[in-house]
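These notes concern the structure reproduced below.
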Amino acid sequence: MSQQSGRAWELAEVTIPLGVPLNDVPVDEATKQCVQSLIESYLQAVRKEGWTPLSPRDWDALWSEGRIEVCVRTAWLGLIGQAEIAAAMVRLGRPVPNSAVAV
(Lines give C-alpha, C1' and ligand atoms only; values in the text may rest on other atoms or scores of the structure.)
Protein backbone atom coordinates (compact mmCIF):
# COMPACT_ATOMS: atom_id res chain seq x y z
CA MET A 1 0.00 0.00 0.00
CA SER A 2 1.22 3.50 -0.78
CA GLN A 3 0.09 7.06 -0.09
CA GLN A 4 -0.85 9.55 -2.78
CA SER A 5 -2.94 12.71 -2.46
CA GLY A 6 -3.54 12.09 1.24
CA ARG A 7 -5.10 8.67 0.64
CA ALA A 8 -3.75 5.15 0.85
CA TRP A 9 -3.41 3.40 -2.49
CA GLU A 10 -3.52 -0.29 -3.28
CA LEU A 11 -0.82 -1.14 -5.82
CA ALA A 12 -0.63 -4.04 -8.27
CA GLU A 13 1.70 -5.22 -11.00
CA VAL A 14 -0.37 -6.96 -13.67
CA THR A 15 0.67 -9.14 -16.56
CA ILE A 16 -1.63 -8.58 -19.51
CA PRO A 17 -1.76 -11.65 -21.76
CA LEU A 18 -1.32 -10.75 -25.43
CA GLY A 19 -0.42 -13.76 -27.62
CA VAL A 20 0.36 -11.65 -30.70
CA PRO A 21 2.50 -13.36 -33.38
CA LEU A 22 5.84 -11.67 -33.93
CA ASN A 23 6.75 -12.03 -37.58
CA ASP A 24 9.40 -9.34 -38.03
CA VAL A 25 12.06 -7.54 -36.06
CA PRO A 26 11.97 -4.61 -35.75
CA VAL A 27 8.32 -4.85 -34.82
CA ASP A 28 6.05 -3.34 -37.48
CA GLU A 29 3.49 -0.63 -36.75
CA ALA A 30 0.48 -2.95 -37.29
CA THR A 31 1.78 -5.31 -34.59
CA LYS A 32 2.45 -2.41 -32.20
CA GLN A 33 -1.10 -1.12 -32.77
CA CYS A 34 -2.55 -4.59 -32.13
CA VAL A 35 -0.62 -4.85 -28.85
CA GLN A 36 -1.66 -1.32 -27.84
CA SER A 37 -5.32 -2.13 -28.55
CA LEU A 38 -5.19 -5.27 -26.38
CA ILE A 39 -3.53 -3.36 -23.53
CA GLU A 40 -6.12 -0.57 -23.68
CA SER A 41 -8.99 -3.10 -23.74
CA TYR A 42 -7.60 -4.76 -20.61
CA LEU A 43 -7.14 -1.42 -18.85
CA GLN A 44 -10.66 -0.33 -19.76
CA ALA A 45 -12.00 -3.44 -18.02
CA VAL A 46 -9.99 -2.90 -14.81
CA ARG A 47 -10.91 0.80 -14.67
CA LYS A 48 -14.43 -0.36 -13.74
CA GLU A 49 -12.88 -1.71 -10.54
CA GLY A 50 -11.17 1.61 -9.78
CA TRP A 51 -7.69 0.75 -11.09
CA THR A 52 -5.64 3.31 -12.98
CA PRO A 53 -2.28 2.82 -14.73
CA LEU A 54 0.68 4.21 -12.77
CA SER A 55 3.32 3.39 -15.38
CA PRO A 56 3.57 4.22 -19.07
CA ARG A 57 1.54 1.87 -21.22
CA ASP A 58 2.56 2.79 -24.76
CA TRP A 59 4.63 0.36 -26.85
CA ASP A 60 7.87 2.39 -26.88
CA ALA A 61 7.93 2.91 -23.11
CA LEU A 62 6.98 -0.68 -22.30
CA TRP A 63 9.56 -2.04 -24.74
CA SER A 64 12.38 0.23 -23.54
CA GLU A 65 11.66 -0.64 -19.89
CA GLY A 66 11.70 -4.38 -20.64
CA ARG A 67 8.01 -4.72 -19.78
CA ILE A 68 7.08 -6.61 -22.96
CA GLU A 69 7.55 -10.39 -22.80
CA VAL A 70 8.51 -12.15 -26.03
CA CYS A 71 8.69 -15.92 -26.24
CA VAL A 72 8.86 -18.71 -28.80
CA ARG A 73 5.93 -21.11 -28.93
CA THR A 74 6.77 -24.49 -30.32
CA ALA A 75 4.27 -26.25 -32.48
CA TRP A 76 4.55 -29.57 -34.20
CA LEU A 77 6.91 -31.95 -32.36
CA GLY A 78 8.83 -29.00 -31.03
CA LEU A 79 10.52 -28.53 -34.39
CA ILE A 80 8.72 -25.44 -35.58
CA GLY A 81 8.65 -22.32 -33.45
CA GLN A 82 6.71 -19.09 -33.69
CA ALA A 83 7.86 -16.00 -31.85
CA GLU A 84 5.08 -14.10 -30.12
CA ILE A 85 4.57 -11.08 -27.96
CA ALA A 86 3.26 -12.98 -24.97
CA ALA A 87 2.47 -10.30 -22.39
CA ALA A 88 2.93 -6.75 -21.13
CA MET A 89 3.51 -5.78 -17.50
CA VAL A 90 1.82 -2.63 -16.19
CA ARG A 91 1.71 -1.10 -12.70
CA LEU A 92 -1.76 -0.17 -11.44
CA GLY A 93 -3.10 1.64 -8.41
CA ARG A 94 -6.43 2.50 -6.85
CA PRO A 95 -7.43 4.45 -3.78
CA VAL A 96 -8.38 2.38 -0.77
CA PRO A 97 -11.93 3.34 0.32
CA ASN A 98 -12.18 5.34 3.56
CA SER A 99 -8.43 5.72 3.84
CA ALA A 100 -7.83 9.40 4.43
CA VAL A 101 -4.32 9.80 5.84
CA ALA A 102 -3.50 12.56 8.33
CA VAL A 103 -0.67 14.71 7.07
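Convention: chains lettered A, B, ... in C-alpha coordinates order; per-chain residue numbering from 1; ligands numbered from 1 as shown.
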
What lies within 12 Å of Val27 in chain A using only C-alpha atoms, ignoring chain neighbours under 5 positions off, as a PyMOL selection string?
chain A and resi 20-22+32-35+59-60+63+70+83-85

Identify, with DSSP run on backbone atoms, the residues in chain A assigned to helix (DSSP H, G or I), and express the list as JSON, numbers by chain.
{"A": [29, 30, 31, 32, 33, 34, 35, 36, 37, 38, 39, 40, 41, 42, 43, 44, 45, 46, 47, 59, 60, 61, 62, 63, 64, 76, 77, 78]}

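Remark: for Ile16 in chain A, the closest of the candidate residues A:Arg57, A:Arg94, A:Arg73, A:Arg47 is A:Arg57 (distances computed over only C-alpha atoms).
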